[in-house]
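Participant: Mind having a look at this structure? Questions to follow.
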Amino acid sequence: MTTATLTPTAIRNFIGGNWRNADSHDGIELFNPATGEPLGRSTTGSAAEVDTAVQAAHAAFPAWRATPAGDRIQHLFRLKNLLEEHFDELARLIVVENGKTLGEAKGELRRGIENVEVACGIPVLMQGYSLEDIAPGIDELMVRQPLGVVAAITPFNFPVMIPLWFLPYAIAAGNTFIVKPSDRVPFAVSRLVEIIHETGLPAGVVNLVHGGKPAVDALLDHPLVRAISFVGSTPVAKYVYARGSASGKRVQCQGGAKNHVVVLPDADRETTTKIIADSAFGCAGQRCLAVSVTVTVGEAKEWFRESIGAAAGSLKVGNGLDASTQMGPVITAASRDRVVSLIGQGAEHGAEPIVDGRAFRSKGSFVGPTVLDGLPATSPLMETEIFGPVLSVVHADTVDDAIATIERSAYGNASSIFTTSGASARKFRNAVSTGNVGINIGVPAPMAYFPFSGWKGSFFGVMHAQGRDAIEFYTDKKVIVERWPKEWSRKF
Ligand code: NAD
């Protein structure tokens with residue numbers, strides 16, 4: 001069944017418990033990436049809309065913060081159940097606006113729900129610690145308190161999961177929250193917020209403001225916003241980090257990526273090829289953990305070149321709602337044109353397209369899977385985040401040379417090695433400067449109870465998304481030193 005489940009609709013903000021039409025619809029035209037059908041027009045957002053949302057969140061904060069943690073998480077238990085109930089509906093919405101396959105959309109939702117589950121542990125996770133008699137009769141304790149109004153600015157490639165990297169922890173810890181989703185995928189997150197509203201959360205605890213740069217700037221500058229979580233491309237991540245920090249906020253920014261996998265000659269050929277193909281072409285390469293460059297070592301060069309070509313060439317590309325589809329389109333026609341042009345540049349720089357997706361034609365914004373063999377180290381493409389279904393294959397003589405290739409990258413989101421040698425794997429995981437590392441894993445996506453890491457140009461900040469880092473990020477530590485001399489007490 002490939003019928004769209006989304007009809008063109010106005011984009012509405014959710015502020016202080018009410019849905020309100022956006023002030024204007026002056027943003028970009030939105031299309032179903034698989035069919036080209038129009039879905040509506042986004043909004044750029046405004047400082048006035050952001051201010052209304054911040055004021056609503058600020059007003060809701062004192063009562064929400066005073067609500068016992070055990071009561072706050074009851075809303076998350078309800079949310080978990082509602083998300084399970086609406087699982088298929090949400091997954092289909094993601095497919096229609098983003099283009100990924102239904103299986104990928106379900107995978108995204110599952111990982112989002114995991115964060116709701118982990119945040120239900122907040123009564124334990126948020127505990128501080130204490131020590132009696134740090135000096136005679138004096139005790140010291142540390143308690144964690146919520147910050148106040150916090151906001152998340154999220155990208156197009158995981159419309160529901162990435163808001164859920166932040167929202168459950170933020171509100172479970174007693175903060176009030178504003179999400180500013182990507183203006184390219186406003187619909188599934190709107191449905192998510194409707195579902196959140198059904199949990200009976202007090203008005204103003206969760207707010208949704210659509211928009212682009214004007215909305216982002218207003219959040220970054222607003223004096224009542226205490227913290228900003230951002231996920232998106234590196235240039236915008238740097239901008240958000242600098243501007244948000246300059247206005248005194250706590251900021252965490254997860255940026256772009258250029259991920260490498262290393263294939264050693266002793267790797268299991270079949271599983272390695274299958275896993276790398278899934279990593280490179282899954283979600284049409286629009287995952288921040290997608291492999292972009294495979295470095296084959298020694299004699300892995302010949303067999304991998306052949307097997308990855310066969311795997312890429314056999315993928316079924318189409319509408320993600322069709323159960324047989326293995327790869328969907330990229331997000332927009334502009335994105336397709338950019339990816340096609342970058343493949344052309346790779347060929348001009350001397351790479352051989354052993355599978356070439358440029359010729360793929362359809363109504364939607366499709367590029368077929370592409371494998372570029374032998375891209376020279378000097379090509380700027382080695383450092384360009386293509387964010388499409390394009391895998392470069394380069395060669396190294398030794399594992400040390402392969403690691404050196406990774407180390408030259410300005411990014412540090414993820415890297416993986418494929419080998420049956422424990423010693424090589426251990427050397428690799430110890431040496432590489434990436435925040436997420438896979439050993440015979442193509443997409444080393446951390447579970448919700450681990451931080452979603454990222455180093456170098458892929459992350460700006462200290463605390464990452466998810467798990468214990470999220471608790472650190474969304475709470476301030478208060479340290480209390482107290483003395484209660486006996487002689488001050490009435491005798492009973
Ligand atoms: P993007 O940077 O274009 O947009 C991200 C957010 O910033 C959106 O909400 C968008 O509206 C806003 N924005 C865009 N341009 C802006 C500007 N000039 N000023 C202020 N705000 C602006 O990213 P995208 O294209 O939506 O997402 C893809 C990118 O996200 C890729 O680079 C990918 O690697 C990255 N990503 C990273 C991670 C991670 O965990 N490191 C996860 C997912 C995606």
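How things are named: the first chain in the structure tokens is A, the next is B, and so on; residues count from 1 in each chain; ligands count from 1 in the order shown.
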What are the closest atom pairs, with distances in Å to one decimal, for each residue of chain A lying within 8 Å of ligand 1, using only C-alpha atoms and all ligand atoms, rows by chain and rising residue number, as a Markdown table?

Facilitator:
| residue | atom | partner | partner_atom_place_in_ligand_line | distance |
| --- | --- | --- | --- | --- |
| A:Ile153 | CA | ligand 1 | 9 (O) | 4.9 |
| A:Thr154 | CA | ligand 1 | 9 (O) | 4.5 |
| A:Pro155 | CA | ligand 1 | 26 (O) | 3.4 |
| A:Phe156 | CA | ligand 1 | 26 (O) | 4.1 |
| A:Asn157 | CA | ligand 1 | 27 (O) | 5.8 |
| A:Phe158 | CA | ligand 1 | 43 (C) | 6.7 |
| A:Ile162 | CA | ligand 1 | 43 (C) | 7.3 |
| A:Lys180 | CA | ligand 1 | 9 (O) | 6.1 |
| A:Pro181 | CA | ligand 1 | 9 (O) | 4.9 |
| A:Ser182 | CA | ligand 1 | 9 (O) | 3.6 |
| A:Asp183 | CA | ligand 1 | 11 (O) | 5.1 |
| A:Arg184 | CA | ligand 1 | 26 (O) | 7.3 |
| A:Gly211 | CA | ligand 1 | 11 (O) | 6.3 |
| A:Gly212 | CA | ligand 1 | 11 (O) | 4.1 |
| A:Lys213 | CA | ligand 1 | 20 (C) | 4.0 |
| A:Pro214 | CA | ligand 1 | 20 (C) | 7.2 |
| A:Ala215 | CA | ligand 1 | 21 (N) | 7.8 |
| A:Val216 | CA | ligand 1 | 21 (N) | 5.2 |
| A:Asp217 | CA | ligand 1 | 20 (C) | 6.4 |
| A:Phe230 | CA | ligand 1 | 6 (C) | 7.1 |
| A:Val231 | CA | ligand 1 | 37 (C) | 5.3 |
| A:Gly232 | CA | ligand 1 | 30 (O) | 3.1 |
| A:Ser233 | CA | ligand 1 | 32 (O) | 3.3 |
| A:Thr234 | CA | ligand 1 | 32 (O) | 6.0 |
| A:Pro235 | CA | ligand 1 | 2 (O) | 7.0 |
| A:Val236 | CA | ligand 1 | 2 (O) | 4.9 |
| A:Ala237 | CA | ligand 1 | 2 (O) | 6.7 |
| A:Tyr239 | CA | ligand 1 | 19 (N) | 7.2 |
| A:Val240 | CA | ligand 1 | 20 (C) | 6.8 |
| A:Cys253 | CA | ligand 1 | 41 (N) | 7.9 |
| A:Gln254 | CA | ligand 1 | 41 (N) | 4.1 |
| A:Gly255 | CA | ligand 1 | 41 (N) | 4.4 |
| A:Gly256 | CA | ligand 1 | 34 (O) | 3.3 |
| A:Ala257 | CA | ligand 1 | 34 (O) | 4.9 |
| A:Lys258 | CA | ligand 1 | 34 (O) | 8.0 |
| A:Gln286 | CA | ligand 1 | 33 (C) | 7.1 |
| A:Arg287 | CA | ligand 1 | 43 (C) | 6.1 |
| A:Cys288 | CA | ligand 1 | 34 (O) | 3.9 |
| A:Leu289 | CA | ligand 1 | 34 (O) | 7.5 |
| A:Glu385 | CA | ligand 1 | 32 (O) | 6.9 |
| A:Phe387 | CA | ligand 1 | 31 (C) | 6.7 |
| A:Asn413 | CA | ligand 1 | 41 (N) | 6.3 |
| A:Phe452 | CA | ligand 1 | 40 (O) | 6.7 |
| A:Ser453 | CA | ligand 1 | 40 (O) | 7.4 |
| A:Gly454 | CA | ligand 1 | 41 (N) | 6.3 |
| A:Ser458 | CA | ligand 1 | 41 (N) | 5.7 |
| A:Phe459 | CA | ligand 1 | 41 (N) | 6.6 |

Participant: Create the file for the chosen residues now, containing C-alpha atoms and written as an mmCIF file, in the first residue's frame.

Facilitator:
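Listing of selection_17.cif after writing:
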data_model
loop_
_atom_site.group_PDB
_atom_site.id
_atom_site.type_symbol
_atom_site.label_atom_id
_atom_site.label_comp_id
_atom_site.auth_asym_id
_atom_site.auth_seq_id
_atom_site.Cartn_x
_atom_site.Cartn_y
_atom_site.Cartn_z
ATOM 1 C CA ILE A 153 16.260 22.250 17.570
ATOM 2 C CA THR A 154 16.106 19.100 15.462
ATOM 3 C CA PRO A 155 16.992 17.940 11.909
ATOM 4 C CA PHE A 156 14.945 16.392 9.098
ATOM 5 C CA ASN A 157 16.434 12.909 9.041
ATOM 6 C CA PHE A 158 14.810 11.457 12.186
ATOM 7 C CA ILE A 162 15.572 13.068 17.644
ATOM 8 C CA LYS A 180 11.627 23.505 17.111
ATOM 9 C CA PRO A 181 11.636 20.723 14.511
ATOM 10 C CA SER A 182 13.125 20.857 11.024
ATOM 11 C CA ASP A 183 10.982 22.975 8.725
ATOM 12 C CA ARG A 184 11.316 20.156 6.165
ATOM 13 C CA GLY A 211 10.066 27.559 11.760
ATOM 14 C CA GLY A 212 13.536 28.031 10.370
ATOM 15 C CA LYS A 213 16.350 30.436 11.210
ATOM 16 C CA PRO A 214 14.152 33.236 12.667
ATOM 17 C CA ALA A 215 12.691 30.790 15.204
ATOM 18 C CA VAL A 216 16.142 29.353 16.001
ATOM 19 C CA ASP A 217 17.643 32.802 16.525
ATOM 20 C CA PHE A 230 20.742 20.986 18.723
ATOM 21 C CA VAL A 231 21.153 18.251 16.118
ATOM 22 C CA GLY A 232 21.931 19.098 12.506
ATOM 23 C CA SER A 233 24.736 19.988 10.119
ATOM 24 C CA THR A 234 28.125 21.131 11.389
ATOM 25 C CA PRO A 235 27.998 24.740 10.098
ATOM 26 C CA VAL A 236 24.651 25.321 11.829
ATOM 27 C CA ALA A 237 25.821 23.417 14.936
ATOM 28 C CA TYR A 239 26.592 28.790 14.798
ATOM 29 C CA VAL A 240 24.054 27.594 17.377
ATOM 30 C CA CYS A 253 25.235 20.612 19.496
ATOM 31 C CA GLN A 254 25.492 17.385 17.534
ATOM 32 C CA GLY A 255 26.786 18.116 14.050
ATOM 33 C CA GLY A 256 27.462 16.427 10.734
ATOM 34 C CA ALA A 257 29.612 13.455 9.906
ATOM 35 C CA LYS A 258 31.911 11.708 7.469
ATOM 36 C CA GLN A 286 20.814 10.276 5.313
ATOM 37 C CA ARG A 287 21.926 9.030 8.721
ATOM 38 C CA CYS A 288 24.585 10.773 10.752
ATOM 39 C CA LEU A 289 26.015 7.291 11.437
ATOM 40 C CA GLU A 385 29.312 15.175 4.018
ATOM 41 C CA PHE A 387 24.268 12.871 2.976
ATOM 42 C CA ASN A 413 31.017 11.021 14.681
ATOM 43 C CA PHE A 452 25.027 9.376 21.714
ATOM 44 C CA SER A 453 28.600 10.507 21.375
ATOM 45 C CA GLY A 454 30.484 12.410 18.673
ATOM 46 C CA SER A 458 30.700 16.364 14.860
ATOM 47 C CA PHE A 459 29.985 17.691 18.341
#

Participant: Fewer than 2 positions away in the same chain doesn't count, so skip those; otherwise give me all residues within 8 Å of region 314-331 of chain A, counting only C-alpha atoms, as a short mmCIF file (atom, residue, chain, number, x, y, z; two decimals) with all heavy atoms, in the first residue's frame.

Facilitator:
data_model
loop_
_atom_site.label_atom_id
_atom_site.label_comp_id
_atom_site.auth_asym_id
_atom_site.auth_seq_id
_atom_site.Cartn_x
_atom_site.Cartn_y
_atom_site.Cartn_z
N MET A 1 0.85 -1.19 0.00
CA MET A 1 0.00 0.00 0.00
C MET A 1 0.88 1.23 0.00
O MET A 1 1.64 1.47 0.94
CB MET A 1 -0.82 -0.04 1.30
CG MET A 1 -2.24 0.42 1.20
SD MET A 1 -2.56 2.13 1.13
CE MET A 1 -3.10 2.45 2.79
N THR A 2 0.81 2.03 -1.07
CA THR A 2 1.72 3.18 -1.14
C THR A 2 0.95 4.51 -1.16
O THR A 2 1.47 5.52 -1.53
CB THR A 2 2.58 3.10 -2.41
OG1 THR A 2 1.73 2.96 -3.52
CG2 THR A 2 3.56 1.95 -2.37
N THR A 3 -0.30 4.48 -0.73
CA THR A 3 -1.07 5.72 -0.72
C THR A 3 -0.58 6.62 0.40
O THR A 3 -0.29 6.17 1.49
CB THR A 3 -2.56 5.41 -0.43
OG1 THR A 3 -2.84 4.16 -1.02
CG2 THR A 3 -3.46 6.47 -0.97
N PRO A 33 8.69 13.05 -0.68
CA PRO A 33 9.90 12.84 -1.48
C PRO A 33 9.81 11.63 -2.43
O PRO A 33 10.53 11.57 -3.41
CB PRO A 33 11.01 12.60 -0.45
CG PRO A 33 10.42 12.89 0.88
CD PRO A 33 8.93 12.89 0.76
N ALA A 34 8.90 10.70 -2.13
CA ALA A 34 8.80 9.51 -2.99
C ALA A 34 7.87 9.72 -4.17
O ALA A 34 8.01 9.04 -5.19
CB ALA A 34 8.31 8.32 -2.17
N THR A 35 6.92 10.65 -4.04
CA THR A 35 5.91 10.79 -5.11
C THR A 35 5.89 12.19 -5.71
O THR A 35 5.29 12.39 -6.76
CB THR A 35 4.51 10.52 -4.55
OG1 THR A 35 4.24 11.51 -3.54
CG2 THR A 35 4.39 9.14 -3.95
N ARG A 92 4.11 5.59 9.40
CA ARG A 92 3.68 5.93 8.03
C ARG A 92 3.84 7.43 7.77
O ARG A 92 4.23 7.85 6.68
CB ARG A 92 2.24 5.48 7.79
CG ARG A 92 2.08 3.96 7.84
CD ARG A 92 0.64 3.55 7.65
NE ARG A 92 0.27 3.54 6.25
CZ ARG A 92 0.57 2.56 5.41
NH1 ARG A 92 1.22 1.49 5.83
NH2 ARG A 92 0.21 2.62 4.16
N VAL A 95 7.35 8.11 6.93
CA VAL A 95 7.68 7.70 5.56
C VAL A 95 7.20 8.76 4.56
O VAL A 95 7.93 9.16 3.65
CB VAL A 95 7.05 6.33 5.22
CG1 VAL A 95 7.29 5.98 3.75
CG2 VAL A 95 7.60 5.24 6.12
N VAL A 96 5.98 9.23 4.76
CA VAL A 96 5.40 10.15 3.78
C VAL A 96 6.15 11.47 3.73
O VAL A 96 6.39 12.03 2.67
CB VAL A 96 3.90 10.37 4.07
CG1 VAL A 96 3.32 11.47 3.19
CG2 VAL A 96 3.14 9.07 3.85
N ASN A 98 9.33 12.07 5.05
CA ASN A 98 10.80 11.97 5.02
C ASN A 98 11.30 11.08 3.89
O ASN A 98 12.41 11.27 3.39
CB ASN A 98 11.30 11.45 6.38
CG ASN A 98 12.77 11.08 6.36
OD1 ASN A 98 13.12 10.00 5.86
ND2 ASN A 98 13.63 11.94 6.86
N GLY A 99 10.53 10.06 3.52
CA GLY A 99 10.92 9.22 2.40
C GLY A 99 11.58 7.90 2.78
O GLY A 99 11.74 7.03 1.93
N LYS A 100 11.95 7.71 4.04
CA LYS A 100 12.61 6.44 4.42
C LYS A 100 11.62 5.28 4.29
O LYS A 100 10.42 5.50 4.09
CB LYS A 100 13.23 6.54 5.82
CG LYS A 100 12.27 6.78 6.94
CD LYS A 100 12.98 6.87 8.29
CE LYS A 100 13.88 8.08 8.44
NZ LYS A 100 14.55 8.18 9.72
N THR A 101 12.13 4.06 4.42
CA THR A 101 11.22 2.91 4.28
C THR A 101 10.43 2.72 5.58
O THR A 101 10.84 3.21 6.65
CB THR A 101 12.00 1.62 3.98
OG1 THR A 101 12.77 1.29 5.14
CG2 THR A 101 12.92 1.77 2.79
N LEU A 102 9.34 1.98 5.47
CA LEU A 102 8.51 1.75 6.65
C LEU A 102 9.32 1.05 7.74
O LEU A 102 9.20 1.38 8.93
CB LEU A 102 7.29 0.92 6.24
CG LEU A 102 6.11 0.90 7.20
CD1 LEU A 102 5.65 2.30 7.61
CD2 LEU A 102 4.94 0.14 6.58
N PHE A 281 23.58 2.73 2.50
CA PHE A 281 22.41 3.03 1.68
C PHE A 281 21.09 3.06 2.47
O PHE A 281 20.07 3.51 1.95
CB PHE A 281 22.32 2.03 0.51
CG PHE A 281 23.61 1.95 -0.26
CD1 PHE A 281 24.32 0.77 -0.39
CD2 PHE A 281 24.16 3.10 -0.82
CE1 PHE A 281 25.53 0.71 -1.07
CE2 PHE A 281 25.37 3.07 -1.52
CZ PHE A 281 26.06 1.86 -1.64
N GLY A 282 21.10 2.56 3.71
CA GLY A 282 19.91 2.64 4.56
C GLY A 282 19.56 4.11 4.75
O GLY A 282 20.45 4.98 4.80
N CYS A 283 18.27 4.41 4.82
CA CYS A 283 17.78 5.79 4.92
C CYS A 283 18.37 6.64 3.80
O CYS A 283 18.61 7.84 3.97
CB CYS A 283 18.09 6.39 6.29
SG CYS A 283 17.28 5.58 7.65
N ALA A 284 18.66 6.03 2.66
CA ALA A 284 19.26 6.72 1.50
C ALA A 284 20.52 7.48 1.90
O ALA A 284 20.81 8.55 1.35
CB ALA A 284 18.24 7.63 0.83
N GLN A 286 21.08 9.06 4.53
CA GLN A 286 20.81 10.28 5.31
C GLN A 286 20.76 9.96 6.81
O GLN A 286 19.78 10.25 7.49
CB GLN A 286 19.50 10.90 4.85
CG GLN A 286 19.52 11.31 3.39
CD GLN A 286 18.16 11.73 2.90
OE1 GLN A 286 17.96 12.85 2.48
NE2 GLN A 286 17.20 10.82 2.97
N ALA A 310 28.02 -5.47 -6.20
CA ALA A 310 26.86 -6.35 -6.42
C ALA A 310 25.74 -6.00 -5.44
O ALA A 310 24.55 -5.92 -5.82
CB ALA A 310 27.30 -7.80 -6.25
N ALA A 311 26.11 -5.74 -4.17
CA ALA A 311 25.07 -5.44 -3.16
C ALA A 311 24.37 -4.13 -3.50
O ALA A 311 23.13 -4.04 -3.44
CB ALA A 311 25.71 -5.36 -1.77
N ALA A 312 25.14 -3.10 -3.87
CA ALA A 312 24.53 -1.79 -4.17
C ALA A 312 23.64 -1.89 -5.40
O ALA A 312 22.53 -1.35 -5.43
CB ALA A 312 25.63 -0.75 -4.39
N ALA A 333 14.19 17.58 -3.93
CA ALA A 333 14.79 17.62 -5.27
C ALA A 333 16.14 18.35 -5.21
O ALA A 333 17.09 17.97 -5.90
CB ALA A 333 13.84 18.32 -6.23
N SER A 335 18.20 18.40 -2.77
CA SER A 335 19.17 17.48 -2.19
C SER A 335 19.61 16.45 -3.24
O SER A 335 20.81 16.13 -3.36
CB SER A 335 18.53 16.80 -0.98
OG SER A 335 19.38 15.85 -0.47
N ARG A 336 18.65 15.95 -4.03
CA ARG A 336 19.00 15.02 -5.09
C ARG A 336 19.99 15.68 -6.07
O ARG A 336 21.01 15.09 -6.41
CB ARG A 336 17.74 14.59 -5.85
CG ARG A 336 18.05 13.58 -6.95
CD ARG A 336 17.22 13.71 -8.23
NE ARG A 336 16.77 15.01 -8.57
CZ ARG A 336 15.49 15.30 -8.85
NH1 ARG A 336 14.57 14.37 -8.79
NH2 ARG A 336 15.15 16.53 -9.18
N GLY A 364 9.75 11.19 -7.75
CA GLY A 364 10.25 11.68 -6.47
C GLY A 364 11.70 12.13 -6.57
O GLY A 364 12.28 12.20 -7.65
N SER A 365 12.30 12.42 -5.40
CA SER A 365 13.68 12.93 -5.38
C SER A 365 14.66 11.77 -5.11
O SER A 365 15.23 11.65 -4.03
CB SER A 365 13.82 14.02 -4.32
OG SER A 365 13.23 13.62 -3.11
N PHE A 366 14.79 10.93 -6.14
CA PHE A 366 15.60 9.72 -5.97
C PHE A 366 17.01 9.87 -6.54
O PHE A 366 17.20 10.52 -7.56
CB PHE A 366 14.94 8.54 -6.69
CG PHE A 366 13.71 8.03 -5.99
CD1 PHE A 366 12.46 8.52 -6.32
CD2 PHE A 366 13.82 7.06 -5.00
CE1 PHE A 366 11.32 8.05 -5.67
CE2 PHE A 366 12.69 6.58 -4.35
CZ PHE A 366 11.44 7.07 -4.70
N VAL A 367 17.97 9.24 -5.86
CA VAL A 367 19.30 8.98 -6.43
C VAL A 367 19.53 7.50 -6.15
O VAL A 367 19.26 7.04 -5.03
CB VAL A 367 20.42 9.73 -5.67
CG1 VAL A 367 21.74 9.61 -6.40
CG2 VAL A 367 20.07 11.17 -5.38
N GLY A 368 20.00 6.75 -7.11
CA GLY A 368 20.26 5.34 -6.87
C GLY A 368 21.52 5.15 -6.04
O GLY A 368 22.35 6.06 -5.94
N PRO A 369 21.69 3.97 -5.44
CA PRO A 369 22.92 3.69 -4.69
C PRO A 369 24.14 3.86 -5.59
O PRO A 369 24.09 3.48 -6.76
CB PRO A 369 22.77 2.23 -4.27
CG PRO A 369 21.34 1.88 -4.49
CD PRO A 369 20.80 2.80 -5.51
N GLY A 388 23.79 11.33 1.21
CA GLY A 388 23.01 10.65 0.18
C GLY A 388 23.59 9.25 0.04
O GLY A 388 24.59 8.90 0.69
#

Participant: Find the spatial neighbours of region 292-297 of chain A, counting only C-alpha atoms, within a cut-off of 7 Å - ignore same-chain residues fewer than 2 positions away - and output them as a PyMOL selection string.

Facilitator: chain A and resi 258-265+280+290+299-301+390-399+402

Participant: Quick check for you: according to DSSP on this backbone, which residues of region 17-166 of chain A are classed as helix (DSSP H, G or I)? Reply as a PyMOL selection string.

Facilitator: chain A and resi 47-66+69-85+87-98+102-119+122-125+161-166

Participant: Residues near Gly313 (chain A), anyone? I mean within 12 Å using only C-alpha atoms, not counting same-chain ones fewer than 4 positions away, as number ranges by chain.

Facilitator: A: 277, 281, 306-309, 317, 326-327, 353-357, 360, 368-371, 389

Participant: Take the residues from that selection and put them in a file with all heavy atoms, as a short mmCIF file (atom, residue, chain, number, x, y, z; two decimals), in the first residue's frame.

Facilitator:
data_model
loop_
_atom_site.label_atom_id
_atom_site.label_comp_id
_atom_site.auth_asym_id
_atom_site.auth_seq_id
_atom_site.Cartn_x
_atom_site.Cartn_y
_atom_site.Cartn_z
N ALA A 277 26.67 -2.28 3.24
CA ALA A 277 25.64 -1.80 2.30
C ALA A 277 24.46 -1.21 3.07
O ALA A 277 23.95 -0.14 2.73
CB ALA A 277 25.19 -2.93 1.38
N PHE A 281 23.58 2.73 2.50
CA PHE A 281 22.41 3.03 1.68
C PHE A 281 21.09 3.06 2.47
O PHE A 281 20.07 3.51 1.95
CB PHE A 281 22.32 2.03 0.51
CG PHE A 281 23.61 1.95 -0.26
CD1 PHE A 281 24.32 0.77 -0.39
CD2 PHE A 281 24.16 3.10 -0.82
CE1 PHE A 281 25.53 0.71 -1.07
CE2 PHE A 281 25.37 3.07 -1.52
CZ PHE A 281 26.06 1.86 -1.64
N GLU A 306 34.19 -5.90 -5.47
CA GLU A 306 33.24 -6.70 -6.23
C GLU A 306 31.93 -6.92 -5.47
O GLU A 306 30.84 -6.72 -6.00
CB GLU A 306 33.90 -8.05 -6.51
CG GLU A 306 33.37 -8.75 -7.73
CD GLU A 306 34.21 -9.99 -7.99
OE1 GLU A 306 35.42 -9.85 -8.28
OE2 GLU A 306 33.63 -11.07 -7.86
N SER A 307 32.06 -7.27 -4.17
CA SER A 307 30.85 -7.63 -3.43
C SER A 307 30.00 -6.40 -3.13
O SER A 307 28.77 -6.47 -3.19
CB SER A 307 31.20 -8.38 -2.15
OG SER A 307 31.97 -7.56 -1.30
N ILE A 308 30.61 -5.26 -2.86
CA ILE A 308 29.79 -4.08 -2.54
C ILE A 308 29.11 -3.57 -3.82
O ILE A 308 27.97 -3.09 -3.76
CB ILE A 308 30.62 -2.95 -1.85
CG1 ILE A 308 29.68 -1.92 -1.20
CG2 ILE A 308 31.58 -2.25 -2.80
CD1 ILE A 308 28.92 -2.39 -0.02
N GLY A 309 29.78 -3.72 -4.94
CA GLY A 309 29.15 -3.33 -6.21
C GLY A 309 27.90 -4.16 -6.45
O GLY A 309 26.83 -3.63 -6.81
N VAL A 317 14.93 0.22 -5.10
CA VAL A 317 14.72 1.62 -4.71
C VAL A 317 13.27 1.98 -5.04
O VAL A 317 12.78 1.64 -6.12
CB VAL A 317 15.70 2.53 -5.49
CG1 VAL A 317 15.50 3.99 -5.12
CG2 VAL A 317 17.14 2.09 -5.23
N GLN A 326 13.80 -1.30 -0.55
CA GLN A 326 14.96 -1.37 0.36
C GLN A 326 15.61 -0.01 0.56
O GLN A 326 16.35 0.20 1.49
CB GLN A 326 15.98 -2.36 -0.20
CG GLN A 326 15.47 -3.80 -0.17
CD GLN A 326 16.39 -4.71 -0.94
OE1 GLN A 326 16.58 -4.57 -2.14
NE2 GLN A 326 16.97 -5.67 -0.24
N MET A 327 15.35 0.90 -0.36
CA MET A 327 15.91 2.25 -0.20
C MET A 327 14.95 3.28 -0.78
O MET A 327 14.44 3.10 -1.88
CB MET A 327 17.27 2.36 -0.90
CG MET A 327 18.04 3.60 -0.50
SD MET A 327 19.56 3.82 -1.46
CE MET A 327 19.00 4.94 -2.73
N PRO A 353 32.98 5.38 -10.79
CA PRO A 353 31.67 4.99 -10.24
C PRO A 353 31.36 3.55 -10.64
O PRO A 353 30.89 3.31 -11.74
CB PRO A 353 30.69 5.98 -10.90
CG PRO A 353 31.51 6.94 -11.69
CD PRO A 353 32.86 6.31 -11.93
N ILE A 354 31.65 2.59 -9.73
CA ILE A 354 31.40 1.20 -10.12
C ILE A 354 29.91 0.88 -10.06
O ILE A 354 29.45 -0.05 -10.72
CB ILE A 354 32.26 0.17 -9.33
CG1 ILE A 354 32.15 0.36 -7.83
CG2 ILE A 354 33.70 0.21 -9.76
CD1 ILE A 354 32.95 -0.68 -7.04
N VAL A 355 29.16 1.63 -9.28
CA VAL A 355 27.70 1.64 -9.40
C VAL A 355 27.33 3.12 -9.42
O VAL A 355 27.80 3.88 -8.56
CB VAL A 355 27.02 0.94 -8.21
CG1 VAL A 355 25.51 0.92 -8.38
CG2 VAL A 355 27.54 -0.48 -8.05
N ASP A 356 26.52 3.53 -10.39
CA ASP A 356 26.26 4.96 -10.57
C ASP A 356 24.75 5.21 -10.47
O ASP A 356 24.00 4.77 -11.33
CB ASP A 356 26.80 5.40 -11.94
CG ASP A 356 26.79 6.91 -12.10
OD1 ASP A 356 26.03 7.58 -11.36
OD2 ASP A 356 27.53 7.41 -12.97
N GLY A 357 24.34 5.92 -9.43
CA GLY A 357 22.90 6.13 -9.20
C GLY A 357 22.36 7.39 -9.85
O GLY A 357 21.19 7.72 -9.66
N PHE A 360 19.09 7.25 -12.10
CA PHE A 360 17.79 6.80 -11.57
C PHE A 360 16.75 7.91 -11.77
O PHE A 360 16.94 9.04 -11.33
CB PHE A 360 17.91 6.46 -10.08
CG PHE A 360 16.73 5.72 -9.56
CD1 PHE A 360 16.73 4.34 -9.49
CD2 PHE A 360 15.57 6.40 -9.18
CE1 PHE A 360 15.62 3.65 -9.02
CE2 PHE A 360 14.46 5.72 -8.72
CZ PHE A 360 14.49 4.34 -8.64
N GLY A 368 20.00 6.75 -7.11
CA GLY A 368 20.26 5.34 -6.87
C GLY A 368 21.52 5.15 -6.04
O GLY A 368 22.35 6.06 -5.94
N PRO A 369 21.69 3.97 -5.44
CA PRO A 369 22.92 3.69 -4.69
C PRO A 369 24.14 3.86 -5.59
O PRO A 369 24.09 3.48 -6.76
CB PRO A 369 22.77 2.23 -4.27
CG PRO A 369 21.34 1.88 -4.49
CD PRO A 369 20.80 2.80 -5.51
N THR A 370 25.19 4.44 -5.04
CA THR A 370 26.37 4.75 -5.84
C THR A 370 27.63 4.32 -5.08
O THR A 370 27.73 4.54 -3.86
CB THR A 370 26.43 6.27 -6.10
OG1 THR A 370 25.27 6.62 -6.85
CG2 THR A 370 27.68 6.68 -6.87
N VAL A 371 28.55 3.70 -5.81
CA VAL A 371 29.85 3.35 -5.20
C VAL A 371 30.94 4.01 -6.03
O VAL A 371 31.05 3.78 -7.24
CB VAL A 371 30.06 1.82 -5.16
CG1 VAL A 371 31.42 1.49 -4.52
CG2 VAL A 371 28.94 1.13 -4.40
N PRO A 389 23.00 8.43 -0.84
CA PRO A 389 23.41 7.02 -0.92
C PRO A 389 24.70 6.82 -1.74
O PRO A 389 24.67 6.18 -2.79
CB PRO A 389 22.21 6.36 -1.59
CG PRO A 389 21.64 7.45 -2.46
CD PRO A 389 21.88 8.74 -1.75
#

Participant: Could you build a table of the residues in region 443-486 of chain A lying no more than 12 Å from region 175-179 of chain A, giving for each the nearest pair of atoms and their separation in Å rounded to one decimal place, using only C-alpha atoms, ordered by chain and ascending residue number, as a tab-separated table?

Facilitator:
residue	atom	partner	partner_atom	distance
A:Ile471	CA	A:Asn175	CA	11.0
A:Phe473	CA	A:Asn175	CA	11.2
A:Tyr474	CA	A:Asn175	CA	7.4
A:Thr475	CA	A:Asn175	CA	8.5
A:Asp476	CA	A:Asn175	CA	11.0
